[in-house]
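To be precise, the following lines are work.cif, and they hold mmCIF, C-alpha atoms (C1' of nucleotides).
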```cif
data_protein
loop_
_atom_site.label_atom_id
_atom_site.label_comp_id
_atom_site.auth_asym_id
_atom_site.auth_seq_id
_atom_site.Cartn_x
_atom_site.Cartn_y
_atom_site.Cartn_z
CA MET A 1 38.88 243.04 151.57
CA ASP A 2 41.92 244.59 149.90
CA LEU A 3 41.30 246.42 146.64
CA GLY A 4 44.78 247.86 146.59
CA ASP A 5 45.46 251.36 145.32
CA ILE A 6 41.99 252.48 144.29
CA ASP A 7 39.84 255.61 144.26
CA LEU A 8 36.23 254.47 144.13
CA ASP A 9 34.84 257.85 143.10
CA HIS A 10 37.08 258.13 140.05
CA THR A 11 36.67 254.46 139.21
CA LEU A 12 32.88 254.41 139.31
CA SER A 13 32.13 257.84 137.86
CA CYS A 14 34.56 257.91 134.93
CA GLY A 15 32.01 256.50 132.49
CA GLN A 16 33.20 252.92 132.01
CA VAL A 17 30.26 251.41 133.94
CA PHE A 18 26.65 252.55 133.75
CA ARG A 19 24.77 250.96 136.62
CA TRP A 20 26.40 252.56 139.67
CA ARG A 21 24.96 255.51 141.57
CA LYS A 22 26.13 257.34 144.66
CA GLU A 23 23.83 257.77 147.63
CA GLY A 24 25.36 259.80 150.41
CA ASP A 25 28.91 258.57 150.75
CA ARG A 26 28.27 255.11 149.35
CA TRP A 27 28.11 253.68 145.87
CA ILE A 28 25.30 251.27 145.00
CA GLY A 29 25.50 248.96 142.04
CA VAL A 30 24.63 245.53 140.71
CA VAL A 31 27.49 243.13 139.99
CA HIS A 32 26.89 239.67 138.54
CA GLY A 33 23.28 239.79 139.67
CA HIS A 34 23.95 240.92 143.24
CA GLU A 35 23.53 244.30 144.83
CA VAL A 36 26.73 245.86 146.11
CA ARG A 37 26.98 248.78 148.49
CA ILE A 38 30.46 250.09 148.89
CA GLY A 39 32.08 253.16 150.41
CA GLN A 40 35.58 254.43 150.95
CA ARG A 41 37.28 256.61 153.54
CA GLY A 42 40.95 256.88 152.82
CA LYS A 43 42.27 253.38 152.42
CA ARG A 44 39.37 251.85 154.33
CA ILE A 45 36.67 250.16 152.27
CA ASP A 46 33.32 249.38 153.84
CA LEU A 47 31.28 246.86 151.98
CA GLU A 48 27.79 245.41 152.05
CA THR A 49 27.04 242.54 149.69
CA ASP A 50 26.57 238.81 149.59
CA LEU A 51 29.13 238.45 146.83
CA PRO A 52 32.33 236.73 147.92
CA ASN A 53 35.38 238.96 148.29
CA ASN A 54 37.34 237.28 145.54
CA VAL A 55 34.59 238.04 143.02
CA LEU A 56 34.68 241.73 143.89
CA GLU A 57 38.47 241.81 143.86
CA ARG A 58 38.33 240.38 140.38
CA TYR A 59 35.67 242.91 139.33
CA PHE A 60 37.75 245.83 140.59
CA ARG A 61 40.93 244.41 139.07
CA ALA A 62 42.67 244.29 142.42
CA ASP A 63 45.27 242.15 140.69
CA ASP A 64 46.55 245.04 138.58
CA ASP A 65 49.91 246.40 139.67
CA MET A 66 49.21 250.12 139.47
CA GLU A 67 52.85 251.08 139.82
CA GLU A 68 53.54 249.09 136.70
CA VAL A 69 50.51 250.56 134.94
CA TYR A 70 51.61 254.11 135.73
CA ALA A 71 55.15 253.36 134.66
CA PHE A 72 53.90 252.10 131.30
CA ILE A 73 51.59 254.98 130.45
CA SER A 74 53.48 257.96 131.94
CA HIS A 75 55.27 258.86 128.73
CA ASP A 76 54.76 262.61 128.78
CA ASP A 77 53.72 265.52 130.97
CA TYR A 78 50.15 265.36 129.76
CA VAL A 79 49.47 261.80 130.92
CA ARG A 80 51.69 262.17 133.98
CA GLY A 81 49.49 265.08 135.03
CA LEU A 82 46.34 263.02 134.58
CA VAL A 83 47.77 260.16 136.60
CA ARG A 84 48.52 262.59 139.41
CA ARG A 85 45.06 264.23 139.26
CA PHE A 86 43.05 261.04 139.05
CA HIS A 87 45.33 258.69 140.97
CA GLY A 88 43.48 255.51 141.88
CA LEU A 89 41.19 255.43 138.87
CA ARG A 90 41.13 251.79 137.90
CA LEU A 91 39.68 249.87 135.02
CA ILE A 92 36.91 247.48 135.97
CA ARG A 93 36.64 243.90 134.73
CA GLN A 94 33.02 243.76 133.58
CA ASP A 95 31.02 240.76 132.52
CA PRO A 96 31.63 240.43 128.73
CA TRP A 97 27.99 239.99 127.78
CA GLU A 98 26.79 242.94 129.88
CA CYS A 99 29.67 245.03 128.59
CA SER A 100 28.95 244.19 124.95
CA ALA A 101 25.24 244.84 125.24
CA SER A 102 25.83 248.09 127.11
CA TYR A 103 28.29 249.49 124.60
CA ILE A 104 26.11 248.48 121.66
CA LEU A 105 23.50 250.69 123.30
CA ALA A 106 26.07 253.42 123.99
CA THR A 107 26.53 254.05 120.28
CA TYR A 108 26.10 257.69 119.25
CA SER A 109 24.44 258.67 122.51
CA ASN A 110 25.35 260.26 125.84
CA ILE A 111 25.93 258.84 129.28
CA PRO A 112 22.73 260.01 131.00
CA ARG A 113 20.68 258.51 128.20
CA ILE A 114 22.75 255.32 128.09
CA ARG A 115 22.12 254.82 131.79
CA LYS A 116 18.39 255.18 131.25
CA MET A 117 18.31 252.79 128.31
CA ILE A 118 20.15 250.16 130.33
CA GLU A 119 17.99 250.68 133.38
CA ARG A 120 14.82 250.23 131.32
CA ILE A 121 16.26 247.05 129.82
CA CYS A 122 17.03 245.72 133.30
CA VAL A 123 13.55 246.52 134.63
CA MET A 124 11.91 245.06 131.52
CA TYR A 125 13.88 241.80 131.42
CA GLY A 126 16.17 241.36 134.39
CA SER A 127 15.42 239.14 137.39
CA GLU A 128 14.52 240.91 140.60
CA ILE A 129 17.28 240.77 143.13
CA GLU A 130 17.61 241.23 146.84
CA GLY A 131 17.61 244.93 147.65
CA GLY A 132 14.82 245.72 145.18
CA GLY A 133 16.85 246.17 142.00
CA HIS A 134 17.18 244.10 138.86
CA ALA A 135 19.97 242.00 137.49
CA PHE A 136 21.25 242.71 134.01
CA PRO A 137 19.14 240.40 131.82
CA THR A 138 20.49 237.20 130.32
CA PRO A 139 20.41 236.81 126.52
CA ALA A 140 17.70 234.16 126.95
CA GLN A 141 15.46 236.58 128.84
CA ILE A 142 15.66 239.05 125.97
CA VAL A 143 15.11 236.51 123.21
CA GLN A 144 12.04 235.27 125.06
CA ASN A 145 10.31 238.61 124.45
CA GLU A 146 11.83 240.48 121.54
CA LYS A 147 9.04 243.05 121.37
CA GLY A 148 9.76 244.20 124.88
CA ALA A 149 12.88 246.00 123.77
CA GLU A 150 10.89 248.25 121.46
CA THR A 151 9.42 250.15 124.40
CA CYS A 152 12.78 250.83 126.03
CA GLY A 153 13.70 253.91 123.99
CA LEU A 154 16.69 252.35 122.26
CA GLY A 155 16.04 253.93 118.86
CA PHE A 156 18.04 252.45 116.00
CA ARG A 157 20.09 250.42 118.53
CA CYS A 158 17.09 248.20 119.32
CA GLU A 159 17.53 245.82 116.40
CA ARG A 160 21.28 245.52 116.97
CA PHE A 161 20.73 244.86 120.64
CA VAL A 162 18.18 242.10 120.09
CA GLU A 163 20.18 240.53 117.28
CA PHE A 164 23.26 240.36 119.48
CA ALA A 165 21.23 238.81 122.30
CA LYS A 166 20.02 236.17 119.84
CA ARG A 167 23.55 235.48 118.73
CA MET A 168 24.63 235.15 122.35
CA ALA A 169 21.70 232.90 123.26
CA GLY A 170 22.57 230.70 120.32
CA GLY A 171 26.05 230.23 121.69
CA GLY A 172 27.63 232.16 118.81
CA VAL A 173 30.01 234.19 120.94
CA ASP A 174 32.93 232.54 122.69
CA PHE A 175 34.08 235.26 125.06
CA GLU A 176 36.51 233.05 126.94
CA GLY A 177 38.12 232.10 123.68
CA LEU A 178 38.49 235.79 122.85
CA ARG A 179 39.94 236.49 126.28
CA ALA A 180 42.59 233.86 125.69
CA SER A 181 43.36 235.02 122.17
CA SER A 182 45.48 237.97 121.09
CA TYR A 183 44.09 241.50 121.03
CA GLU A 184 44.19 241.52 117.23
CA ILE A 185 42.17 238.31 116.88
CA CYS A 186 39.74 239.46 119.54
CA HIS A 187 39.15 242.81 117.86
CA LYS A 188 38.74 241.26 114.43
CA ARG A 189 36.19 238.77 115.71
CA LEU A 190 34.16 241.33 117.67
CA VAL A 191 33.95 243.69 114.71
CA SER A 192 32.33 240.93 112.68
CA PHE A 193 29.14 241.24 114.74
CA GLU A 194 26.38 243.58 113.64
CA GLY A 195 26.37 246.73 115.76
CA ILE A 196 29.96 246.33 116.89
CA GLY A 197 32.48 248.52 115.13
CA ASP A 198 36.09 249.42 115.93
CA LYS A 199 35.30 251.54 118.96
CA VAL A 200 32.79 249.24 120.67
CA ALA A 201 35.06 246.26 119.99
CA ASP A 202 37.88 248.03 121.83
CA CYS A 203 35.58 248.87 124.75
CA ILE A 204 34.61 245.21 125.08
CA ALA A 205 38.23 244.12 124.73
CA VAL A 206 39.60 246.41 127.43
CA PHE A 207 36.63 246.60 129.82
CA SER A 208 35.79 242.91 129.91
CA LEU A 209 38.29 240.69 128.12
CA ASP A 210 41.61 241.70 129.69
CA HIS A 211 43.06 243.17 126.50
CA MET A 212 44.51 246.18 128.24
CA GLU A 213 46.29 247.42 125.14
CA ALA A 214 42.95 248.16 123.46
CA PHE A 215 42.43 251.91 123.12
CA PRO A 216 38.82 252.88 122.34
CA ILE A 217 38.57 256.11 120.36
CA ASP A 218 35.42 258.19 120.58
CA VAL A 219 35.02 261.81 119.46
CA ARG A 220 36.60 263.23 122.62
CA ILE A 221 39.63 260.96 122.56
CA LYS A 222 40.02 261.70 118.87
CA ARG A 223 40.16 265.43 119.56
CA VAL A 224 42.74 264.99 122.33
CA LEU A 225 44.99 262.78 120.24
CA GLU A 226 45.03 265.43 117.58
CA SER A 227 45.59 268.39 119.90
CA GLU A 228 48.12 266.72 122.23
CA TYR A 229 49.97 264.49 119.80
CA GLY A 230 49.10 265.82 116.35
CA VAL A 231 47.75 262.43 115.31
CA ARG A 232 44.81 262.10 112.94
CA GLY A 233 43.50 259.73 110.33
CA THR A 234 41.58 256.48 110.28
CA TYR A 235 40.58 254.64 113.43
CA GLY A 236 43.15 251.94 112.79
CA LYS A 237 45.97 254.42 112.36
CA VAL A 238 45.18 256.49 115.44
CA SER A 239 44.58 253.52 117.74
CA ALA A 240 47.78 251.87 116.53
CA PHE A 241 49.65 255.03 117.49
CA ALA A 242 48.12 254.92 120.98
CA ARG A 243 48.94 251.25 121.51
CA GLU A 244 52.49 251.86 120.42
CA ARG A 245 52.91 254.85 122.69
CA PHE A 246 51.20 253.54 125.86
CA GLY A 247 51.97 249.90 125.36
CA ALA A 248 50.38 247.02 127.22
CA TYR A 249 48.24 249.39 129.35
CA ALA A 250 47.05 251.78 126.65
CA GLY A 251 43.49 251.19 127.81
CA TYR A 252 44.32 252.76 131.16
CA ALA A 253 45.72 255.83 129.44
CA GLN A 254 42.54 256.07 127.43
CA GLU A 255 40.34 256.04 130.52
CA TYR A 256 42.35 258.73 132.28
CA ILE A 257 42.11 260.92 129.17
CA TYR A 258 38.40 260.28 128.79
CA TYR A 259 37.74 261.13 132.43
CA ALA A 260 39.80 264.31 132.19
CA GLU A 261 37.72 265.47 129.23
CA ASP A 262 34.56 264.59 131.12
CA ALA A 263 35.71 266.68 134.08
CA LYS A 264 36.41 269.58 131.73
CA ASN A 265 32.85 269.43 130.40
CA ARG A 266 31.35 269.37 133.86
CA LYS A 267 33.32 272.44 134.81
CA GLU A 268 32.28 274.31 131.66
CA VAL A 269 28.63 273.51 132.22
CA LYS A 270 28.77 274.90 135.72
CA GLY A 271 30.28 278.07 134.25
"C1'" DA B 1 15.73 275.90 120.36
"C1'" DA B 2 19.29 273.94 118.04
"C1'" DC B 3 23.15 271.15 118.67
"C1'" DC B 4 25.37 267.02 119.80
"C1'" DA B 5 26.16 262.54 121.71
"C1'" DG B 6 31.58 256.66 124.64
"C1'" DG B 7 29.59 255.11 116.31
"C1'" DT B 8 28.09 251.98 112.81
"C1'" DC B 9 26.54 251.10 108.33
"C1'" DT B 10 26.12 251.91 103.59
"C1'" DC B 11 27.66 253.54 99.47
"C1'" DG B 12 30.28 255.73 95.90
"C1'" DA B 13 35.22 257.08 94.35
"C1'" DT C 1 40.64 251.38 101.53
"C1'" DC C 2 38.78 255.87 102.56
"C1'" DG C 3 35.53 259.79 103.32
"C1'" DA C 4 30.71 261.41 103.43
"C1'" DG C 5 25.69 261.03 104.99
"C1'" DA C 6 22.08 259.07 107.35
"C1'" DC C 7 20.47 257.74 111.66
"C1'" DC C 8 16.43 257.28 116.78
"C1'" DT C 9 16.14 260.02 120.61
"C1'" DG C 10 16.66 262.96 124.36
"C1'" DG C 11 20.24 265.75 127.28
"C1'" DT C 12 21.96 270.19 127.73
#
```
Will you turn the file into structure tokens for me?
Amino acid sequence: MDLGDIDLDHTLSCGQVFRWRKEGDRWIGVVHGHEVRIGQRGKRIDLETDLPNNVLERYFRADDDMEEVYAFISHDDYVRGLVRRFHGLRLIRQDPWECSASYILATYSNIPRIRKMIERICVMYGSEIEGGGHAFPTPAQIVQNEKGAETCGLGFRCERFVEFAKRMAGGGVDFEGLRASSYEICHKRLVSFEGIGDKVADCIAVFSLDHMEAFPIDVRIKRVLESEYGVRGTYGKVSAFARERFGAYAGYAQEYIYYAEDAKNRKEVKG
DNA sequence: AACCAGGTCTCGA
DNA sequence: TCGAGACCTGGT
């Protein structure tokens, strides 16, 4: 299998996906209801899964031309430096429903806790899969037992999560339509759902619906945009600046910046 | 032990 | 349209 120019460690630990863990030198995750074990030594990928190659290539966005991506976003020394440091960090094309549900849960929380919330949801609702893990639940599985979510430690996100599952189960969300539409239409539509605001809408757009110009802004990104570029103001204003500056691949720039800030925190914690 | 977290919603000005 | 507060809970 050829994943192209990719660094699995950066790609799977940068915070865009929540269900991967590293054991030894291999990453273990669940993709589209199948366990995937994958490792990397240099350019060589070793893989253990019953998923077809083309599904994984799609998941890892092997179709992205990274030279073009880097050309688009390398507008200044700051981003150029990040591209050099974290070369091979790629966006992942997640399942839209899993992505939406995950980022609704990610609201006003932190990654370790988000991972736990999602894991509890999967154990509570998801089908058992080969390898001993659980698939991410379907909307129908959640709707079937609404009360179950209350014991998963979701806090105020619980109601939003269940409501969105209901909406999904009722066929109220046309993800493929949103994938085919413009970024602006997609964002506008996503924001109309309860529990999805500007930031989560952009996460869904860029992480699962191929709108690579979407630029999610959380507190960290907000701080960086102010310190590096002197930009502040409303979400709409700041994200418009980022889309204008980094163009069609602004979402990639965002992920490199986010990961860089994450690395900074890890270093500080270690002292 | 406080502080803060991959924000969203509500509500006045 | 914009800024301010509240908000479950648990990591650090």
Practice task
Could you list the residues in chain C lying within 9 Å of chain A, using all atoms listed in the file, and format the result as a list in words?
Solution key: DC2, DC7, DC8, DT9, DG10, DG11 and DT12 of chain C
Identify, on the basis of only C-alpha atoms (C1' of nucleotides), every residue whose closest approach to range 3-5 of chain C does not exceed 10 Å; exclude the query and any residue fewer than 5 positions from it along the same chain; express the result as a short mmCIF file (atom, residue, chain, number, x, y, z; two decimals) with C-alpha atoms (C1' of nucleotides), keeping the file's coordinate frame.
```
data_model
loop_
_atom_site.label_atom_id
_atom_site.label_comp_id
_atom_site.auth_asym_id
_atom_site.auth_seq_id
_atom_site.Cartn_x
_atom_site.Cartn_y
_atom_site.Cartn_z
CA THR A 234 41.58 256.48 110.28
"C1'" DT B 10 26.12 251.91 103.59
"C1'" DC B 11 27.66 253.54 99.47
"C1'" DG B 12 30.28 255.73 95.90
"C1'" DA B 13 35.22 257.08 94.35
#
```
Practice task
Any chance you could resolve the PyMOL selection byres ((chain A) within 10 of (chain B)) against this file and give the residues as an MDAnalysis selection string?
Solution key: chainID A and resid 15:16 103:104 106:111 113:114 157 194:200 203 216:221 258
Handout entry: Interatomic distance, CA of Val30 in chain A to CA of Leu3 in chain A (Å, one decimal)
Key = 17.7 Å
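Here CA of Asp65 in chain A stands at a distance of 24.1 Å from CA of Val36 in chain A.
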Explicit residue set for the PyMOL selection byres ((chain A and resi 69-73) around 9), as a short mmCIF file (atom, residue, chain, number, x, y, z; two decimals) with C-alpha atoms, in the frame of the given file:
```
data_model
loop_
_atom_site.label_atom_id
_atom_site.label_comp_id
_atom_site.auth_asym_id
_atom_site.auth_seq_id
_atom_site.Cartn_x
_atom_site.Cartn_y
_atom_site.Cartn_z
CA ASP A 64 46.55 245.04 138.58
CA ASP A 65 49.91 246.40 139.67
CA MET A 66 49.21 250.12 139.47
CA GLU A 67 52.85 251.08 139.82
CA GLU A 68 53.54 249.09 136.70
CA SER A 74 53.48 257.96 131.94
CA HIS A 75 55.27 258.86 128.73
CA ASP A 76 54.76 262.61 128.78
CA VAL A 79 49.47 261.80 130.92
CA ARG A 80 51.69 262.17 133.98
CA VAL A 83 47.77 260.16 136.60
CA ARG A 245 52.91 254.85 122.69
CA PHE A 246 51.20 253.54 125.86
CA GLY A 247 51.97 249.90 125.36
CA ALA A 248 50.38 247.02 127.22
CA TYR A 249 48.24 249.39 129.35
CA ALA A 250 47.05 251.78 126.65
CA TYR A 252 44.32 252.76 131.16
CA ALA A 253 45.72 255.83 129.44
#
```
Hey, can I get the axis-aligned box for chain B? All listed atoms, 5 Å padding on each side, centre and edge lengths in Å to one decimal, as AutoDock Vina command-line options.
```
--center_x 25.5 --center_y 263.5 --center_z 109.5 --size_x 29.5 --size_y 34.8 --size_z 40.3
```
Just say which residues the PyMOL selection byres ((chain A and resi 190) around 12) picks in this file, as a PDB file with C-alpha atoms, in the coordinates of the input.
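New file out.pdb:
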```pdb
ATOM      1  CA  PRO A  96      31.630 240.430 128.730  1.00  0.00           C
ATOM      2  CA  TRP A  97      27.990 239.990 127.780  1.00  0.00           C
ATOM      3  CA  SER A 100      28.950 244.190 124.950  1.00  0.00           C
ATOM      4  CA  ILE A 104      26.110 248.480 121.660  1.00  0.00           C
ATOM      5  CA  PHE A 164      23.260 240.360 119.480  1.00  0.00           C
ATOM      6  CA  GLY A 172      27.630 232.160 118.810  1.00  0.00           C
ATOM      7  CA  VAL A 173      30.010 234.190 120.940  1.00  0.00           C
ATOM      8  CA  ASP A 174      32.930 232.540 122.690  1.00  0.00           C
ATOM      9  CA  PHE A 175      34.080 235.260 125.060  1.00  0.00           C
ATOM     10  CA  GLY A 177      38.120 232.100 123.680  1.00  0.00           C
ATOM     11  CA  LEU A 178      38.490 235.790 122.850  1.00  0.00           C
ATOM     12  CA  ARG A 179      39.940 236.490 126.280  1.00  0.00           C
ATOM     13  CA  TYR A 183      44.090 241.500 121.030  1.00  0.00           C
ATOM     14  CA  GLU A 184      44.190 241.520 117.230  1.00  0.00           C
ATOM     15  CA  ILE A 185      42.170 238.310 116.880  1.00  0.00           C
ATOM     16  CA  CYS A 186      39.740 239.460 119.540  1.00  0.00           C
ATOM     17  CA  HIS A 187      39.150 242.810 117.860  1.00  0.00           C
ATOM     18  CA  LYS A 188      38.740 241.260 114.430  1.00  0.00           C
ATOM     19  CA  ARG A 189      36.190 238.770 115.710  1.00  0.00           C
ATOM     20  CA  VAL A 191      33.950 243.690 114.710  1.00  0.00           C
ATOM     21  CA  SER A 192      32.330 240.930 112.680  1.00  0.00           C
ATOM     22  CA  PHE A 193      29.140 241.240 114.740  1.00  0.00           C
ATOM     23  CA  GLU A 194      26.380 243.580 113.640  1.00  0.00           C
ATOM     24  CA  GLY A 195      26.370 246.730 115.760  1.00  0.00           C
ATOM     25  CA  ILE A 196      29.960 246.330 116.890  1.00  0.00           C
ATOM     26  CA  GLY A 197      32.480 248.520 115.130  1.00  0.00           C
ATOM     27  CA  ASP A 198      36.090 249.420 115.930  1.00  0.00           C
ATOM     28  CA  LYS A 199      35.300 251.540 118.960  1.00  0.00           C
ATOM     29  CA  VAL A 200      32.790 249.240 120.670  1.00  0.00           C
ATOM     30  CA  ALA A 201      35.060 246.260 119.990  1.00  0.00           C
ATOM     31  CA  ASP A 202      37.880 248.030 121.830  1.00  0.00           C
ATOM     32  CA  CYS A 203      35.580 248.870 124.750  1.00  0.00           C
ATOM     33  CA  ILE A 204      34.610 245.210 125.080  1.00  0.00           C
ATOM     34  CA  ALA A 205      38.230 244.120 124.730  1.00  0.00           C
ATOM     35  CA  LEU A 209      38.290 240.690 128.120  1.00  0.00           C
TER      36      LEU A 209
END
```
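Rounded to one decimal, CA of His34 in chain A and CA of Gln144 in chain A lie 22.5 Å from each other.
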Handout entry: Spatial sel., origin (27.5, 243.7, 149.8), limit 6 Å, only C-alpha atoms (C1' of nucleotides), listed as a PyMOL selection string
Key = chain A and resi 36-37+47-50
Practice task
Identify the residues around (44.2, 260.0, 141.3) within a radius of 10 Å, measuring from only C-alpha atoms (C1' of nucleotides) in the coordinates stated by the file, and give them as an MDAnalysis selection string.
Solution key: chainID A and resid 5:7 9:11 81:90 256
Next, the residues of the selection above should be written as a CSV table (one decimal), keeping the file's coordinate frame with C-alpha atoms.
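Generated file (part_39.csv):
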```
chain,number,residue,atom,x,y,z
A,5,ASP,CA,45.5,251.4,145.3
A,6,ILE,CA,42.0,252.5,144.3
A,7,ASP,CA,39.8,255.6,144.3
A,9,ASP,CA,34.8,257.8,143.1
A,10,HIS,CA,37.1,258.1,140.0
A,11,THR,CA,36.7,254.5,139.2
A,81,GLY,CA,49.5,265.1,135.0
A,82,LEU,CA,46.3,263.0,134.6
A,83,VAL,CA,47.8,260.2,136.6
A,84,ARG,CA,48.5,262.6,139.4
A,85,ARG,CA,45.1,264.2,139.3
A,86,PHE,CA,43.0,261.0,139.0
A,87,HIS,CA,45.3,258.7,141.0
A,88,GLY,CA,43.5,255.5,141.9
A,89,LEU,CA,41.2,255.4,138.9
A,90,ARG,CA,41.1,251.8,137.9
A,256,TYR,CA,42.4,258.7,132.3
```
Practice task
Give me the residues within 12 Å of Leu51 in chain A as a count of residues only, counting only C-alpha atoms (C1' of nucleotides) and dropping any in the same chain fewer than 4 places off.
Solution key: 17
Handout entry: Polymer residues at most 9 Å from Ile118 in chain A, all atoms listed in the file, same-chain spacing of 2 or more positions, as an NGL selection string
Key = :A and (18-19 or 101-102 or 105 or 113-116 or 120-123 or 136 or 152)
Where atoms are lacking, range 136-152 of chain A completed to N, CA, C and O atoms, as a short mmCIF file (atom, residue, chain, number, x, y, z; two decimals), in the frame of the given file:
```cif
data_model
loop_
_atom_site.label_atom_id
_atom_site.label_comp_id
_atom_site.auth_asym_id
_atom_site.auth_seq_id
_atom_site.Cartn_x
_atom_site.Cartn_y
_atom_site.Cartn_z
N PHE A 136 21.17 242.52 135.46
CA PHE A 136 21.25 242.71 134.01
C PHE A 136 20.69 241.44 133.38
O PHE A 136 21.02 240.34 133.79
N PRO A 137 19.80 241.59 132.38
CA PRO A 137 19.14 240.40 131.82
C PRO A 137 20.12 239.44 131.14
O PRO A 137 21.16 239.86 130.64
N THR A 138 19.74 238.18 131.10
CA THR A 138 20.49 237.20 130.32
C THR A 138 20.03 237.30 128.86
O THR A 138 18.92 237.79 128.60
N PRO A 139 20.84 236.83 127.92
CA PRO A 139 20.41 236.81 126.52
C PRO A 139 19.08 236.07 126.36
O PRO A 139 18.20 236.51 125.62
N ALA A 140 18.92 234.96 127.06
CA ALA A 140 17.70 234.16 126.95
C ALA A 140 16.47 234.97 127.35
O ALA A 140 15.42 234.86 126.72
N GLN A 141 16.61 235.77 128.39
CA GLN A 141 15.46 236.58 128.84
C GLN A 141 15.04 237.58 127.77
O GLN A 141 13.85 237.88 127.62
N ILE A 142 15.98 238.08 127.02
CA ILE A 142 15.66 239.05 125.97
C ILE A 142 15.03 238.36 124.77
O ILE A 142 14.02 238.80 124.23
N VAL A 143 15.61 237.25 124.37
CA VAL A 143 15.11 236.51 123.21
C VAL A 143 13.68 236.04 123.44
O VAL A 143 12.86 235.97 122.51
N GLN A 144 13.36 235.77 124.69
CA GLN A 144 12.04 235.27 125.06
C GLN A 144 10.94 236.29 124.75
O GLN A 144 9.79 235.92 124.55
N ASN A 145 11.30 237.56 124.71
CA ASN A 145 10.31 238.61 124.45
C ASN A 145 10.95 239.75 123.66
O ASN A 145 11.21 240.82 124.18
N GLU A 146 11.15 239.50 122.39
CA GLU A 146 11.83 240.48 121.54
C GLU A 146 11.13 241.84 121.52
O GLU A 146 11.78 242.88 121.52
N LYS A 147 9.80 241.80 121.50
CA LYS A 147 9.04 243.05 121.37
C LYS A 147 9.26 243.99 122.55
O LYS A 147 9.12 245.19 122.42
N GLY A 148 9.58 243.39 123.68
CA GLY A 148 9.76 244.20 124.88
C GLY A 148 10.77 245.31 124.70
O GLY A 148 10.61 246.42 125.22
N ALA A 149 11.80 245.04 123.95
CA ALA A 149 12.88 246.00 123.77
C ALA A 149 12.41 247.26 123.05
O ALA A 149 12.99 248.33 123.20
N GLU A 150 11.35 247.11 122.26
CA GLU A 150 10.89 248.25 121.46
C GLU A 150 10.33 249.39 122.31
O GLU A 150 10.23 250.51 121.84
N THR A 151 9.98 249.10 123.54
CA THR A 151 9.42 250.15 124.40
C THR A 151 10.46 250.69 125.37
O THR A 151 10.12 251.35 126.35
N CYS A 152 11.73 250.40 125.11
CA CYS A 152 12.78 250.83 126.03
C CYS A 152 13.55 252.05 125.53
O CYS A 152 14.58 252.44 126.11
#
```
